[in-house]
Amino acid sequence: MDFKESRPIYLQIADKICGEILTGKFAENERIPSVREYASGLEVNANTVVRSYDFLQNKDIIFNKRGIGYFVAEGAAEKILQMRREMFMNEQLKDFFNEIDILKISINEIVELYNQRNKS
Amino acid sequence: MIVINDLKFNYAKHEVFDNLSLTFNEGKIYGLLGLNGAGKSTLLYLMSGLLFADKGKIEFNGYDVTKRNPKALADMFLVPEEFELPRLTFEKYVELNAPFYPNFRYETFEKCLQGFNMSADIRLDKLSMGQKKKAFMCFALAANTSLLIMDEPTNGLDIPSKSQFRQVVSSCMNDERTIIISTHQVADVQNLIDHITIINDKKAVFDYSVIDITEKLCFTTEKIENPLFTQEVFGGQLSVCKRQNENDETPLNIELLFNAVLADSKKINEVFNN
C-alpha cells in the first residue's frame with residue numbers, strides 16, 4: 001500500500017477497510033482479518049492497525065466480539081457512505097468552491113457542464 | 001524489558017557514552033537512530049553483553065547482561081550488521097542451534113522461510129550477503145526470544161526482500177516481545193516501528209513513541225508560522241511544528257524529525273514536557 005504524506009496512516013488504513021466494505025470484500029456481520037494479519041499484509045506496526053480498528057469501532061462500522069475478533073457491523077456500508085458524503089461536503093466541496101472563486105468560474109458554467117455530462 | 005542506567009563507555013580514549021539511560025519495553029518495535037559513529041552498534045553490543053560498560057548497568061528482565069546468565073542469553077538474540085555463517089546446510093544449523101533457544105518455533109521458522117522465498121536445504125556459507133542476512137533473520141525471529149536486536153537489518157536486502165522483511169517482522173511481533181532495530185534506512189522501517197530513540201553526543205537525546213510524536217508534532221510542507229524546524233527540499237520546504245488542534249494530525253516524517261532533533265534536541269523535547 002502506498003501511503004500519502006498528508007493523512008495519518010491509521011486513517012488511510014481505515015479508509016482502505018471502508019473501501020473494502022463498500023466493494024463487498026468484507027460483508028456485513030463477517031469477520032475481518034485480525035489486527036496482526038492486517039498489519040503484516042500492509043507491512044505496518046500492529047499498533048497502527050489497532051488505532052484504525054478503534055476508530056472504525058467508535059464509528060460503529062466494525063464491532064469486537066471478545067476473543068473471536070472484529071466483525072463488520074450491520075448497516076456499515078450505509079454509514080460509510082454517509083461519512084464520505086459529509087467529508088465531501090465539508091472538505092472537497094469547500095476546496096472546489098474556493099478554486100472556482102479564484103479562477104472566476106461561475107457556478108452556472110459548472111452546472112451546465114454537469115448537465116451535459118449526464119446527457120451524453 | 002531492558003533497562004540501561006547511567007551508562008558510561010569508552011573505546012580507549014574515545015568516549016562513546018556518558019550518563020546514558022534508556023528503557024525498552026515489551027510489545028514495541030524500537031527504531032534506534034543516530035549519526036555514523038554515534039554508537040548505535042556499540043549500544044546494541046553492550047545490551048547483548050558483548051561489550052562491558054565502564055560505569056553504569058544494563059539489566060535485561062532483571063539479569064545483569066555482563067554476567068551472561070544462560071537464562072538471559074536464551075531469551076535474547078542479536079543480528080549484527082555483518083557476520084559469517086558456518087559451512088553447514090540451514091537445516092543442520094537449526095538442528096544444532098535451536099536447542100539453545102527454548103522458545104524456538106519451527107512453525108515460525110517455516111513461515112519466515114516462506115516469507116523470504118528461501119528453503120532450508122541451502123548451504124549457509126555459499127550465500128550472498130543479502131541471502132545470508134535473510135537466513136539469519138529467519139532463525140532470529142523463530143528463536144522467539146523476548147528481546148530481538150537487529151543492526152541495520154535491511155542493508156543488503158533487495159527491493160522485494162525489504163517488503164518481505166516488514167511483513168515477516170510485523171507478523172512475528174507480539175505483546176511479550178521487544179524488537180530493537182538500528183538503521184539509517186528510515187524509509188525501510190517508517191511504518192513498522194512504533195517508538196523512536198535517537199542517540200547523539202554520548203546520550204539519548206530523543207525517546208518517544210510514534211503515537212506521542214504524532215500527538216504533539218506536525219510534519220508539513222505548508223508554510224507555517226513559528227516552526228520548530230524547517231529544511232529546504234526540492235520544490236519547497238518541510239517543517240516541524242507543534243500540533244495546534246484535534247484535526248491536524250499528520251504522518252510522522254522520521255527523516256525530518258531526526259534532523260530537527262539533531263539541530264536542537266532541547267527545543268523538540270520541550271514540546272513533550274508540557
# chains A, B, ... in the order shown; residues from 1 in each chain; ligands from 1
>>> residues_around(residues="Ser239 (chain B)", least_positions_apart="2", cutoff="10 Å", atoms="only C-alpha atoms", output="number ranges by chain")
B: 218-232, 237, 241, 253, 256-257, 260
>>> residues_around(residues="region 97-100 of chain A", least_positions_apart="6", cutoff="10 Å", atoms="only C-alpha atoms", output="PyMOL selection string")
chain A and resi 106-107+110
>>> write_last_selection(atoms="N, CA and C atoms", output="PDB file, in the first residue's frame")
ATOM      1  N   SER A 106     -18.098  30.714 -13.018  1.00  0.00           N
ATOM      2  CA  SER A 106     -19.392  30.841 -12.337  1.00  0.00           C
ATOM      3  C   SER A 106     -19.988  29.455 -12.100  1.00  0.00           C
ATOM      4  N   ILE A 107     -20.811  29.358 -11.077  1.00  0.00           N
ATOM      5  CA  ILE A 107     -21.416  28.067 -10.732  1.00  0.00           C
ATOM      6  C   ILE A 107     -22.334  27.590 -11.855  1.00  0.00           C
ATOM      7  N   ILE A 110     -20.558  25.514 -14.291  1.00  0.00           N
ATOM      8  CA  ILE A 110     -20.330  24.173 -13.739  1.00  0.00           C
ATOM      9  C   ILE A 110     -21.600  23.338 -13.872  1.00  0.00           C
TER      10      ILE A 110
END
>>> closest_residue(among="B:Gly39, B:Gly31, B:Pro153, B:Pro70", to="Asn200 (chain B)", atoms="only C-alpha atoms")
B:Gly39
>>> select_by_dssp(residues="region 4-76 of chain A", states="alpha helix (DSSP H)", output="compact mmCIF listing (two decimals) with N, CA and C atoms, in the first residue's frame")
# COMPACT_ATOMS: atom_id res chain seq x y z
N ILE A 9 -1.53 7.73 8.89
CA ILE A 9 -1.53 6.36 8.35
C ILE A 9 -2.75 5.58 8.87
N TYR A 10 -3.07 5.74 10.16
CA TYR A 10 -4.17 4.93 10.70
C TYR A 10 -5.49 5.25 10.02
N LEU A 11 -5.65 6.52 9.60
CA LEU A 11 -6.88 6.89 8.88
C LEU A 11 -6.86 6.37 7.45
N GLN A 12 -5.67 6.36 6.84
CA GLN A 12 -5.57 5.81 5.49
C GLN A 12 -5.92 4.32 5.50
N ILE A 13 -5.51 3.64 6.56
CA ILE A 13 -5.84 2.21 6.67
C ILE A 13 -7.34 2.04 6.91
N ALA A 14 -7.92 2.91 7.77
CA ALA A 14 -9.37 2.87 8.00
C ALA A 14 -10.12 3.10 6.68
N ASP A 15 -9.63 4.05 5.87
CA ASP A 15 -10.23 4.31 4.55
C ASP A 15 -10.22 3.05 3.69
N LYS A 16 -9.07 2.38 3.73
CA LYS A 16 -8.91 1.17 2.91
C LYS A 16 -9.94 0.10 3.33
N ILE A 17 -10.10 -0.07 4.65
CA ILE A 17 -11.06 -1.06 5.14
C ILE A 17 -12.48 -0.65 4.73
N CYS A 18 -12.79 0.64 4.86
CA CYS A 18 -14.10 1.14 4.43
C CYS A 18 -14.33 0.83 2.96
N GLY A 19 -13.31 1.06 2.15
CA GLY A 19 -13.40 0.76 0.72
C GLY A 19 -13.70 -0.71 0.51
N GLU A 20 -13.05 -1.55 1.30
CA GLU A 20 -13.24 -3.00 1.16
C GLU A 20 -14.64 -3.43 1.60
N ILE A 21 -15.21 -2.68 2.53
CA ILE A 21 -16.59 -2.97 2.94
C ILE A 21 -17.55 -2.54 1.82
N LEU A 22 -17.28 -1.37 1.23
CA LEU A 22 -18.16 -0.87 0.17
C LEU A 22 -18.15 -1.78 -1.06
N VAL A 35 -5.93 -7.96 13.74
CA VAL A 35 -5.03 -6.81 13.69
C VAL A 35 -3.66 -7.22 13.13
N ARG A 36 -3.15 -8.34 13.63
CA ARG A 36 -1.80 -8.74 13.23
C ARG A 36 -1.73 -9.19 11.77
N GLU A 37 -2.75 -9.92 11.33
CA GLU A 37 -2.80 -10.32 9.92
C GLU A 37 -2.82 -9.10 9.02
N TYR A 38 -3.70 -8.16 9.39
CA TYR A 38 -3.87 -6.98 8.54
C TYR A 38 -2.59 -6.15 8.53
N ALA A 39 -1.95 -6.01 9.71
CA ALA A 39 -0.72 -5.23 9.82
C ALA A 39 0.39 -5.86 8.99
N SER A 40 0.48 -7.17 9.06
CA SER A 40 1.54 -7.86 8.33
C SER A 40 1.35 -7.69 6.82
N GLY A 41 0.10 -7.81 6.36
CA GLY A 41 -0.19 -7.62 4.95
C GLY A 41 0.19 -6.24 4.45
N LEU A 42 -0.01 -5.24 5.30
CA LEU A 42 0.30 -3.86 4.91
C LEU A 42 1.72 -3.45 5.29
N ALA A 46 1.54 -3.21 14.20
CA ALA A 46 0.20 -3.63 14.61
C ALA A 46 -0.53 -2.54 15.39
N ASN A 47 0.20 -1.74 16.17
CA ASN A 47 -0.45 -0.67 16.94
C ASN A 47 -1.15 0.35 16.05
N THR A 48 -0.62 0.53 14.84
CA THR A 48 -1.27 1.45 13.89
C THR A 48 -2.63 0.89 13.49
N VAL A 49 -2.66 -0.42 13.22
CA VAL A 49 -3.93 -1.05 12.83
C VAL A 49 -4.90 -1.09 14.02
N VAL A 50 -4.36 -1.24 15.23
CA VAL A 50 -5.22 -1.16 16.43
C VAL A 50 -5.94 0.19 16.44
N ARG A 51 -5.20 1.24 16.13
CA ARG A 51 -5.81 2.59 16.09
C ARG A 51 -6.89 2.66 15.01
N SER A 52 -6.62 2.07 13.84
CA SER A 52 -7.60 2.08 12.75
C SER A 52 -8.87 1.34 13.19
N TYR A 53 -8.69 0.17 13.80
CA TYR A 53 -9.84 -0.63 14.23
C TYR A 53 -10.63 0.11 15.33
N ASP A 54 -9.89 0.74 16.26
CA ASP A 54 -10.56 1.52 17.31
C ASP A 54 -11.42 2.63 16.70
N PHE A 55 -10.81 3.30 15.73
CA PHE A 55 -11.51 4.40 15.05
C PHE A 55 -12.80 3.89 14.40
N LEU A 56 -12.70 2.76 13.68
CA LEU A 56 -13.87 2.21 12.99
C LEU A 56 -14.90 1.69 13.98
N GLN A 57 -14.41 1.21 15.12
CA GLN A 57 -15.33 0.73 16.15
C GLN A 57 -16.12 1.90 16.75
N ASN A 58 -15.41 3.01 16.98
CA ASN A 58 -16.08 4.21 17.50
C ASN A 58 -17.13 4.75 16.55
N ALA A 76 -23.10 -1.04 7.99
CA ALA A 76 -21.80 -0.36 7.90
C ALA A 76 -21.63 0.38 6.58
>>> closest_residue(among="B:Asn69, B:Asn247, B:Ser171, B:Asn273", to="chain A", atoms="only C-alpha atoms")
B:Ser171
>>> interface_residues(of="chain A", to="chain B", cutoff="6 Å", atoms="only C-alpha atoms", output="number ranges by chain")
A: 6-8, 40, 43-45
>>> atom_distance(atom1="CA of Phe136 (chain B)", atom2="CA of Ser41 (chain B)")
17.6 Å
>>> closest_residue(among="A:Asp2, A:Ile32, A:Val111, A:Asp101", to="Ile62 (chain A)", atoms="only C-alpha atoms")
A:Ile32
>>> atom_distance(atom1="CA of Ile159 (chain B)", atom2="CA of Glu5 (chain A)")
21.0 Å
>>> closest_residue(among="A:Phe3, A:Tyr70, A:Phe63, A:Asp95", to="Ser34 (chain A)", atoms="only C-alpha atoms")
A:Tyr70
>>> residues_around(residues="region 59-68 of chain B", least_positions_apart="5", cutoff="9 Å", atoms="only C-alpha atoms", output="ChimeraX atom specification")
/B:1-5,46-53,73,76,147
>>> write_last_selection(atoms="N, CA and C atoms", output="tab-separated table (two decimals), in the first residue's frame")
chain	number	residue	atom	x	y	z
B	1	MET	N	11.97	-6.65	29.27
B	1	MET	CA	12.31	-5.24	29.43
B	1	MET	C	13.81	-5.09	29.63
B	2	ILE	N	14.37	-4.08	29.02
B	2	ILE	CA	15.80	-3.83	29.19
B	2	ILE	C	16.00	-2.41	29.71
B	3	VAL	N	16.74	-2.32	30.80
B	3	VAL	CA	16.92	-1.02	31.46
B	3	VAL	C	18.39	-0.65	31.48
B	4	ILE	N	18.69	0.49	30.89
B	4	ILE	CA	20.07	0.99	30.87
B	4	ILE	C	20.14	2.16	31.83
B	5	ASN	N	21.07	2.07	32.77
B	5	ASN	CA	21.12	3.12	33.78
B	5	ASN	C	22.50	3.75	33.88
B	46	LEU	N	26.55	-3.66	23.84
B	46	LEU	CA	26.51	-3.53	25.30
B	46	LEU	C	25.27	-4.21	25.87
B	47	MET	N	24.14	-4.03	25.18
B	47	MET	CA	22.88	-4.62	25.65
B	47	MET	C	22.93	-6.14	25.59
B	48	SER	N	23.71	-6.67	24.62
B	48	SER	CA	23.78	-8.12	24.46
B	48	SER	C	24.86	-8.75	25.32
B	49	GLY	N	25.58	-7.93	26.08
B	49	GLY	CA	26.64	-8.48	26.94
B	49	GLY	C	27.92	-8.79	26.19
B	50	LEU	N	28.06	-8.23	24.97
B	50	LEU	CA	29.28	-8.48	24.18
B	50	LEU	C	30.36	-7.46	24.52
B	51	LEU	N	29.95	-6.30	25.02
B	51	LEU	CA	30.90	-5.28	25.49
B	51	LEU	C	30.51	-4.95	26.93
B	52	PHE	N	31.49	-4.51	27.69
B	52	PHE	CA	31.22	-4.15	29.09
B	52	PHE	C	31.36	-2.65	29.29
B	53	ALA	N	30.42	-2.10	30.04
B	53	ALA	CA	30.44	-0.67	30.30
B	53	ALA	C	31.53	-0.31	31.31
B	73	LEU	N	20.65	-15.24	28.09
B	73	LEU	CA	21.13	-15.41	26.71
B	73	LEU	C	20.15	-16.23	25.87
B	76	MET	N	17.45	-13.75	24.44
B	76	MET	CA	17.76	-12.58	23.63
B	76	MET	C	18.50	-13.00	22.36
B	147	LEU	N	13.69	-10.61	23.60
B	147	LEU	CA	14.42	-9.46	23.07
B	147	LEU	C	15.08	-9.84	21.75
>>> decode(residues="region 248-259 of chain B", atoms="N, CA and C atoms", output="PDB file, in the first residue's frame")
ATOM      1  N   ASP B 248      -5.403  18.256  12.984  1.00  0.00           N
ATOM      2  CA  ASP B 248      -4.256  18.467  12.102  1.00  0.00           C
ATOM      3  C   ASP B 248      -3.194  17.375  12.236  1.00  0.00           C
ATOM      4  N   GLU B 249      -3.606  16.161  12.620  1.00  0.00           N
ATOM      5  CA  GLU B 249      -2.607  15.100  12.728  1.00  0.00           C
ATOM      6  C   GLU B 249      -2.012  14.776  11.357  1.00  0.00           C
ATOM      7  N   THR B 250      -0.703  14.644  11.327  1.00  0.00           N
ATOM      8  CA  THR B 250      -0.007  14.285  10.090  1.00  0.00           C
ATOM      9  C   THR B 250       0.807  13.020  10.343  1.00  0.00           C
ATOM     10  N   PRO B 251       1.148  12.286   9.279  1.00  0.00           N
ATOM     11  CA  PRO B 251       2.020  11.132   9.489  1.00  0.00           C
ATOM     12  C   PRO B 251       3.408  11.599   9.924  1.00  0.00           C
ATOM     13  N   LEU B 252       4.083  10.751  10.671  1.00  0.00           N
ATOM     14  CA  LEU B 252       5.434  11.047  11.122  1.00  0.00           C
ATOM     15  C   LEU B 252       6.400  11.021   9.939  1.00  0.00           C
ATOM     16  N   ASN B 253       7.235  12.032   9.855  1.00  0.00           N
ATOM     17  CA  ASN B 253       8.326  12.036   8.890  1.00  0.00           C
ATOM     18  C   ASN B 253       9.616  11.839   9.684  1.00  0.00           C
ATOM     19  N   ILE B 254      10.124  10.617   9.690  1.00  0.00           N
ATOM     20  CA  ILE B 254      11.250  10.289  10.577  1.00  0.00           C
ATOM     21  C   ILE B 254      12.503  11.077  10.221  1.00  0.00           C
ATOM     22  N   GLU B 255      12.749  11.203   8.912  1.00  0.00           N
ATOM     23  CA  GLU B 255      13.952  11.919   8.492  1.00  0.00           C
ATOM     24  C   GLU B 255      13.936  13.361   8.994  1.00  0.00           C
ATOM     25  N   LEU B 256      12.776  13.980   8.833  1.00  0.00           N
ATOM     26  CA  LEU B 256      12.633  15.373   9.264  1.00  0.00           C
ATOM     27  C   LEU B 256      12.760  15.486  10.786  1.00  0.00           C
ATOM     28  N   LEU B 257      12.135  14.552  11.497  1.00  0.00           N
ATOM     29  CA  LEU B 257      12.239  14.547  12.958  1.00  0.00           C
ATOM     30  C   LEU B 257      13.695  14.398  13.391  1.00  0.00           C
ATOM     31  N   PHE B 258      14.395  13.485  12.743  1.00  0.00           N
ATOM     32  CA  PHE B 258      15.795  13.233  13.071  1.00  0.00           C
ATOM     33  C   PHE B 258      16.624  14.513  12.908  1.00  0.00           C
ATOM     34  N   ASN B 259      16.448  15.172  11.775  1.00  0.00           N
ATOM     35  CA  ASN B 259      17.194  16.416  11.536  1.00  0.00           C
ATOM     36  C   ASN B 259      16.828  17.491  12.545  1.00  0.00           C
TER      37      ASN B 259
END
